[in-house]
Amino acid sequence: MNLAPLEQALAMRFPDAGVRQRAALDALLTHGFPDRHVERWKYTRSAPYADYALRALAAQQPGNALDNTLTERLAQWQQQFAASYIIVIVNGQMNTAHTCLPSGVTMTPAIADRAAFKATPDDALALLNDALPTTQLTLSVADNTKTDAPLHIVHLSHAQNALAQVRIDVDLQPNSQLTIVEHILPADCKEPMHSTVATAQLAQGATLAWYRLQQAGGDALVATRLDAVLANDAVLDTLTLDVGGKLVRNDLNVVLAEAGASVNMRGVYLINGQQHVDNHTHVDHAAKDTTSNEDYRGVLRDHSRAVFNGKVYVHEGADGTDAAQSNKNLLLSDHAEIDTKPELEIYADDVKCAHGATVGQLDDASLFYLRSRGIDSDTATQLLTFAFCREVIRDIADLPVKTAAERLVANEIPDFTALDLAS
Amino acid sequence: MTNTMIEIKDLTAAVDGTDILKGLSLSIKPGEVHAIMGPNGSGKSTLANVLAGRPDYIVTGGSVTFNGVDLLGLEPEERARAGVFLAFQYPAEIPGVNNTYLLRAALNAVRTARGEAEISAVDFMKLAREKMKLMQMDASFLNRGVNEGFSGGEKKRNEVFQMAVLEPTLCVLDETDSGLDIDALKIVANGVNALRDEARSFLMVTHYQRLLDYIVPDYVHVLAGGRIIRSGDKSLALELEARGYDWLLEEAAA
């Protein structure tokens with residue numbers, strides 16, 4: 001693949017490119033996009049992302065203005081969420097007219113260099129994001145700030161070949177708390193691409209929730225990444241929800257750096273047709289008494305394919321580690337495929353670790369139980385499929401987010417009308 | 001015979017290719033309570049599951065007529081709507097499906113089949129609370145997943161609670177007494193007895209005579225080798241309690 005246009009584009013579009021951008025580009029040019037011989041890309045192609053970037057760079061880039069359709073889409077969205085705090089990103093570029101932040105949260109339209117977040121040569125998507133950023137922002141949450149409502153980051157797009165490479169860094173000062181809900185809304189164009197790379201530093205006692213609801217479209221290319229480092233007693237809570245996507249790659253890397261830090265990771269993916277969703281997660285238990293809990297579930301139809309790779313690494317001396325990981329998959333077609341690989345590496349003695357993966361169909365006993373109560377077979381199947389996903393979502397404390405996630409799941413289950421969200 | 005509710009004739013059934021029921025005949029009239037007893041592996045639970053239409057229980061011969069309808073020709077959900085209810089021996093745990101949601105959907109399925117209007121949310125909650133009181137269940141049960149995290153006893157109570165709300169015509173109880181302590185057994189028996197009336201019938205599969213002290217049956221049948229080998233009144237259960245099954249099995253073999 002000829003990546004030289006990337007270099008030309010960088011010179012054209014980013015005449016003031018800094019060392020960081022150049023370094024990322026150099027790494028990309030040197031190593032290229034990984035093929036299936038690279039372990040982290042064994043089941044997922046990275047080339048389509050490169051192709052898209054090259055196409056986007058050759059095309060004229062749209063602005064960050066909302067057209068009528070997107071204005072309406074945003075209004076509809078706002079009706080559902082009644083969001084107090086919001087950041088709107090259009091075609092990968094921030095539309096600051098809509099920005100509204102909670103008190104105690106400050107935003108800077110740039111990112112600082114962070115030694116802890118260095119993309120390695122096989123992190124082509126992170127490098128691409130570093131090399132060609134369209135939005136970069138840092139959110140800082142002051143000491144002891146407890147935000148009173150979530151900050152919603154809404155991505156909208158109406159332009160094919162828009163370069164949407166968003167970078168968000170979050171700094172939570174000691175004992176602060178923030179919930180971010182990232183919405184990748186349906187794009188108003190064919191074959192959109194969206195990339196968010198995020199990093200989060202959680203100081204002592206800080207709490208961050210990051211819920212991502214991805215519904216860009218069945219023909220969308222999506223790449224997301226969140227790297228988080230947690231200090232003493234910090235808490236991270238995540239949801240990665242993908243309903244559809246031609247090619248989706250999510251990377252979630254969490255370092256529990258100090259004692260008492262804990263992370264709860266949730267994932268749900270529902271795909272059909274030829275769609276492809278890949279979740280790679282990595283948790284480092286690098287200190288004593290750290291806790292990780294991971295529950296990822298997928299529903300696969302038709303010829304869709306999902307990949308799950310979850311690594312839990314317990315470092316030497318990280319005694320008192322409690323790590324639980326689970327990946328469950330419902331294959332509702334003979335042609336769907338899941339490649340799941342839970343990995344556990346333990347170098348400490350006093351640890352509690354559990355991991356497991358399941359692949360299967362709906363439970364016959366549950367199906368019969370529902371039918372024996374007068375529920376018809378189709379409805380029972382839909383109800384159980386919904387319930388399977390709902391288990392991951394149901395303990396999300398923020399009710400509008402939970403409800404929205406449930407609705408997205410329900411909408412992906414064909415003909416499912418039995419959902420009574422009020423129940 | 002016009003007022004027979006369910007007529008089982010020469011019923012044979014297999015599970016995993018093994019014949020379990022080998023020509024079972026039984027007739028139940030409205031208002032009657034029949035108890036089915038018998039040694040392990042005699043086919044008691046198979047009978048209960050076959051009546052409810054469990055897909056992996058294959059009927060190989062015979063007939064079951066329920067209120068004039070060929071029961072075996074109906075899907076499990078159609079049987080439920082027609083008024084057949086199975087209280088499971090091992091009720092499924094279904095996290096993510098809300099107990100209240102399921103019960104209301106079940107009740108509305110039954111009502112729609114009867115040509116009645118769906119029940120309103122308010123009326124349903126009123127009904128549910130009334131029946132929960134009968135079963136001495138905590139209101140928090142309604143907000144939980146179906147049988148999720150329930151103890152064995154709670155699951156059995158939940159089955160009878162559902163039965164009380166759905167008011168089926170034929171109640172099939174599959175070892176509803178097993179795993180219950182004496183207090184829970186009394187509550188379950190109370191719930192069942194409250195449902196007894198001249199239009200409703202019960203088929204109770206049980207291992208122990210104990211249950212029949214609280215729910216007094218009109219008939220007791222002994223099932224062995226997939227057939228009913230002896231029928232009698234409640235005194236037969238007492239005799240079985242005193243003498244075991246061996247004498248009956250020997251008589252049947254002779």
# chains A, B, ... in the order shown; residues from 1 in each chain; ligands from 1
>>> interface_residues(of="chain B", to="chain A", cutoff="6 Å", atoms="only C-alpha atoms", output="list in words")
Pro76, Glu77, Ala80, Arg81, Ala92, Gly96, Val97, Ala106 and Ala109 of chain B
>>> select_by_dssp(residues="stretch 43-85 of chain B", states="strand (DSSP E)", output="list of chain:residue names")
B:Tyr57, B:Ile58, B:Val59, B:Thr60, B:Gly61, B:Gly62, B:Ser63, B:Val64, B:Thr65, B:Phe66, B:Val69, B:Asp70, B:Val84, B:Phe85
>>> closest_residue(among="A:Arg167, A:His31, A:Arg225, A:His315", to="A:Ala257", atoms="only C-alpha atoms")
A:His315
>>> residues_around(residues="B:Pro39", least_positions_apart="3", cutoff="12 Å", atoms="only C-alpha atoms", output="JSON, numbers by chain")
{"B": [36, 42, 43, 44, 45, 205, 206, 207, 208, 221, 222, 223, 224, 225, 226, 227, 228, 229, 240, 241, 244, 245, 246, 248, 249]}
>>> atom_distance(atom1="atom CA of B:Leu134", atom2="atom CA of B:Arg114")
25.1 Å
>>> select_by_dssp(residues="stretch 5-225 of chain B", states="alpha helix (DSSP H)", output="PDB file with C-alpha atoms, in the first residue's frame")
ATOM      1  CA  LYS B  44     -43.959 -39.189  36.502  1.00  0.00           C
ATOM      2  CA  SER B  45     -42.087 -36.073  35.399  1.00  0.00           C
ATOM      3  CA  THR B  46     -42.185 -37.209  31.789  1.00  0.00           C
ATOM      4  CA  LEU B  47     -45.971 -37.276  31.956  1.00  0.00           C
ATOM      5  CA  ALA B  48     -46.056 -33.742  33.362  1.00  0.00           C
ATOM      6  CA  ASN B  49     -43.672 -32.431  30.689  1.00  0.00           C
ATOM      7  CA  VAL B  50     -45.428 -34.233  27.846  1.00  0.00           C
ATOM      8  CA  LEU B  51     -48.724 -32.606  28.835  1.00  0.00           C
ATOM      9  CA  ALA B  52     -47.069 -29.168  28.751  1.00  0.00           C
ATOM     10  CA  PRO B  76     -46.667 -25.341  24.316  1.00  0.00           C
ATOM     11  CA  GLU B  77     -47.864 -21.708  24.232  1.00  0.00           C
ATOM     12  CA  GLU B  78     -51.211 -22.789  22.768  1.00  0.00           C
ATOM     13  CA  ARG B  79     -51.661 -25.300  25.575  1.00  0.00           C
ATOM     14  CA  ALA B  80     -50.940 -22.585  28.139  1.00  0.00           C
ATOM     15  CA  ARG B  81     -53.507 -20.307  26.528  1.00  0.00           C
ATOM     16  CA  ALA B  82     -55.998 -23.165  26.473  1.00  0.00           C
ATOM     17  CA  ASN B  99     -40.850 -11.400  36.821  1.00  0.00           C
ATOM     18  CA  THR B 100     -43.650  -8.861  36.565  1.00  0.00           C
ATOM     19  CA  TYR B 101     -43.168  -8.405  32.851  1.00  0.00           C
ATOM     20  CA  LEU B 102     -43.378 -12.148  32.214  1.00  0.00           C
ATOM     21  CA  LEU B 103     -46.416 -12.668  34.401  1.00  0.00           C
ATOM     22  CA  ARG B 104     -48.352  -9.796  32.867  1.00  0.00           C
ATOM     23  CA  ALA B 105     -47.475 -10.947  29.348  1.00  0.00           C
ATOM     24  CA  ALA B 106     -48.520 -14.481  30.297  1.00  0.00           C
ATOM     25  CA  LEU B 107     -51.809 -13.294  31.764  1.00  0.00           C
ATOM     26  CA  ASN B 108     -52.565 -11.176  28.718  1.00  0.00           C
ATOM     27  CA  ALA B 109     -51.773 -14.090  26.403  1.00  0.00           C
ATOM     28  CA  VAL B 110     -54.283 -16.219  28.312  1.00  0.00           C
ATOM     29  CA  ARG B 111     -56.893 -13.451  28.412  1.00  0.00           C
ATOM     30  CA  THR B 112     -56.554 -12.700  24.712  1.00  0.00           C
ATOM     31  CA  ALA B 113     -57.024 -16.393  23.953  1.00  0.00           C
ATOM     32  CA  ALA B 121     -51.169  -2.155  34.614  1.00  0.00           C
ATOM     33  CA  VAL B 122     -53.008  -0.925  37.692  1.00  0.00           C
ATOM     34  CA  ASP B 123     -55.403  -3.867  37.855  1.00  0.00           C
ATOM     35  CA  PHE B 124     -52.560  -6.265  37.230  1.00  0.00           C
ATOM     36  CA  MET B 125     -50.525  -4.910  40.147  1.00  0.00           C
ATOM     37  CA  LYS B 126     -53.562  -5.161  42.385  1.00  0.00           C
ATOM     38  CA  LEU B 127     -54.097  -8.781  41.370  1.00  0.00           C
ATOM     39  CA  ALA B 128     -50.401  -9.610  41.726  1.00  0.00           C
ATOM     40  CA  ARG B 129     -50.185  -8.103  45.219  1.00  0.00           C
ATOM     41  CA  GLU B 130     -53.258  -9.987  46.356  1.00  0.00           C
ATOM     42  CA  LYS B 131     -51.839 -13.312  45.169  1.00  0.00           C
ATOM     43  CA  MET B 132     -48.413 -12.560  46.607  1.00  0.00           C
ATOM     44  CA  LYS B 133     -50.017 -12.087  49.964  1.00  0.00           C
ATOM     45  CA  LEU B 134     -51.625 -15.503  49.589  1.00  0.00           C
ATOM     46  CA  GLY B 152     -35.440 -23.750  45.766  1.00  0.00           C
ATOM     47  CA  GLY B 153     -38.405 -22.962  48.012  1.00  0.00           C
ATOM     48  CA  GLU B 154     -38.873 -19.478  46.564  1.00  0.00           C
ATOM     49  CA  LYS B 155     -38.951 -20.910  43.050  1.00  0.00           C
ATOM     50  CA  LYS B 156     -41.699 -23.356  43.984  1.00  0.00           C
ATOM     51  CA  ARG B 157     -43.704 -20.610  45.641  1.00  0.00           C
ATOM     52  CA  ASN B 158     -43.250 -18.460  42.553  1.00  0.00           C
ATOM     53  CA  GLU B 159     -44.661 -21.280  40.419  1.00  0.00           C
ATOM     54  CA  VAL B 160     -47.802 -21.516  42.527  1.00  0.00           C
ATOM     55  CA  PHE B 161     -48.000 -17.701  42.608  1.00  0.00           C
ATOM     56  CA  GLN B 162     -47.997 -17.652  38.791  1.00  0.00           C
ATOM     57  CA  MET B 163     -50.630 -20.361  38.799  1.00  0.00           C
ATOM     58  CA  ALA B 164     -52.793 -18.293  41.155  1.00  0.00           C
ATOM     59  CA  VAL B 165     -52.553 -15.268  38.858  1.00  0.00           C
ATOM     60  CA  LEU B 166     -53.122 -17.169  35.601  1.00  0.00           C
ATOM     61  CA  ILE B 182     -42.722 -27.864  56.350  1.00  0.00           C
ATOM     62  CA  ASP B 183     -43.614 -24.161  56.552  1.00  0.00           C
ATOM     63  CA  ALA B 184     -43.067 -23.596  52.846  1.00  0.00           C
ATOM     64  CA  LEU B 185     -45.013 -26.775  52.099  1.00  0.00           C
ATOM     65  CA  LYS B 186     -47.988 -25.415  54.035  1.00  0.00           C
ATOM     66  CA  ILE B 187     -47.862 -22.119  52.129  1.00  0.00           C
ATOM     67  CA  VAL B 188     -47.694 -23.906  48.790  1.00  0.00           C
ATOM     68  CA  ALA B 189     -50.534 -26.226  49.808  1.00  0.00           C
ATOM     69  CA  ASN B 190     -52.617 -23.239  50.913  1.00  0.00           C
ATOM     70  CA  GLY B 191     -52.051 -21.608  47.545  1.00  0.00           C
ATOM     71  CA  VAL B 192     -53.138 -24.748  45.722  1.00  0.00           C
ATOM     72  CA  ASN B 193     -56.166 -25.339  47.963  1.00  0.00           C
ATOM     73  CA  ALA B 194     -57.309 -21.743  47.444  1.00  0.00           C
ATOM     74  CA  LEU B 195     -57.453 -22.502  43.723  1.00  0.00           C
ATOM     75  CA  ARG B 210     -46.528 -35.767  53.008  1.00  0.00           C
ATOM     76  CA  LEU B 211     -47.902 -33.340  50.395  1.00  0.00           C
ATOM     77  CA  LEU B 212     -51.176 -35.246  50.326  1.00  0.00           C
ATOM     78  CA  ASP B 213     -51.756 -34.496  54.007  1.00  0.00           C
ATOM     79  CA  TYR B 214     -52.176 -30.877  52.977  1.00  0.00           C
TER      80      TYR B 214
END
>>> atom_distance(atom1="atom CA of A:Gly104", atom2="atom CA of A:Ala405")
27.5 Å
>>> atom_distance(atom1="atom CA of A:Asp302", atom2="atom CA of A:Ile271")
8.4 Å
>>> residues_around(residues="A:Lys311", least_positions_apart="5", cutoff="8 Å", atoms="only C-alpha atoms", output="CSV table (one decimal) with N, CA and C atoms, in the first residue's frame")
chain,number,residue,atom,x,y,z
A,281,THR,N,-9.4,-5.9,24.7
A,281,THR,CA,-9.3,-5.3,26.0
A,281,THR,C,-8.0,-5.8,26.7
A,282,HIS,N,-7.4,-4.9,27.5
A,282,HIS,CA,-6.2,-5.3,28.2
A,282,HIS,C,-6.3,-4.6,29.6
A,283,VAL,N,-6.2,-5.4,30.6
A,283,VAL,CA,-6.2,-4.8,32.0
A,283,VAL,C,-4.9,-5.2,32.7
A,342,PRO,N,-9.9,-15.3,25.8
A,342,PRO,CA,-9.6,-14.7,27.1
A,342,PRO,C,-8.2,-15.1,27.4
A,343,GLU,N,-7.4,-14.2,27.9
A,343,GLU,CA,-6.1,-14.5,28.3
A,343,GLU,C,-5.8,-14.0,29.7
A,344,LEU,N,-5.1,-14.8,30.4
A,344,LEU,CA,-4.8,-14.5,31.8
A,344,LEU,C,-3.3,-14.8,32.0
A,345,GLU,N,-2.6,-13.7,32.5
A,345,GLU,CA,-1.2,-13.9,32.9
A,345,GLU,C,-1.1,-13.5,34.3
>>> residues_around(residues="stretch 174-186 of chain A", least_positions_apart="4", cutoff="8 Å", atoms="only C-alpha atoms", output="PyMOL selection string")
chain A and resi 141-147+149-157+202-217+401
>>> closest_residue(among="A:Thr120, A:Gln21, A:Ser46, A:Asn250", to="A:Thr134", atoms="only C-alpha atoms")
A:Gln21
>>> residues_around(residues="A:Glu191", least_positions_apart="2", cutoff="7 Å", atoms="only C-alpha atoms", output="list of chain:residue names")
A:Gln160, A:Cys189, A:Met193, A:Asp219, A:Ala220
>>> residues_around(residues="stretch 56-64 of chain B", least_positions_apart="6", cutoff="7 Å", atoms="only C-alpha atoms", output="ChimeraX atom specification")
/B:6-15,50,70-72
>>> write_last_selection(atoms="C-alpha atoms", output="PDB file, in the first residue's frame")
ATOM      1  CA  ILE B   6     -58.644 -34.473  30.056  1.00  0.00           C
ATOM      2  CA  GLU B   7     -58.573 -37.946  28.593  1.00  0.00           C
ATOM      3  CA  ILE B   8     -55.179 -39.609  28.221  1.00  0.00           C
ATOM      4  CA  LYS B   9     -55.281 -42.837  26.210  1.00  0.00           C
ATOM      5  CA  ASP B  10     -52.493 -45.379  25.724  1.00  0.00           C
ATOM      6  CA  LEU B  11     -49.911 -42.603  25.788  1.00  0.00           C
ATOM      7  CA  THR B  12     -46.350 -43.581  24.879  1.00  0.00           C
ATOM      8  CA  ALA B  13     -43.416 -41.183  24.911  1.00  0.00           C
ATOM      9  CA  ALA B  14     -39.646 -41.250  24.614  1.00  0.00           C
ATOM     10  CA  VAL B  15     -36.827 -39.037  25.828  1.00  0.00           C
ATOM     11  CA  VAL B  50     -45.428 -34.233  27.846  1.00  0.00           C
ATOM     12  CA  ASP B  70     -56.292 -32.774  20.601  1.00  0.00           C
ATOM     13  CA  LEU B  71     -53.777 -31.425  23.129  1.00  0.00           C
ATOM     14  CA  LEU B  72     -50.800 -33.091  21.436  1.00  0.00           C
TER      15      LEU B  72
END
>>> closest_residue(among="A:Asp242, A:Glu316, A:Asp123, A:Glu72", to="A:Gly267", atoms="only C-alpha atoms")
A:Asp242
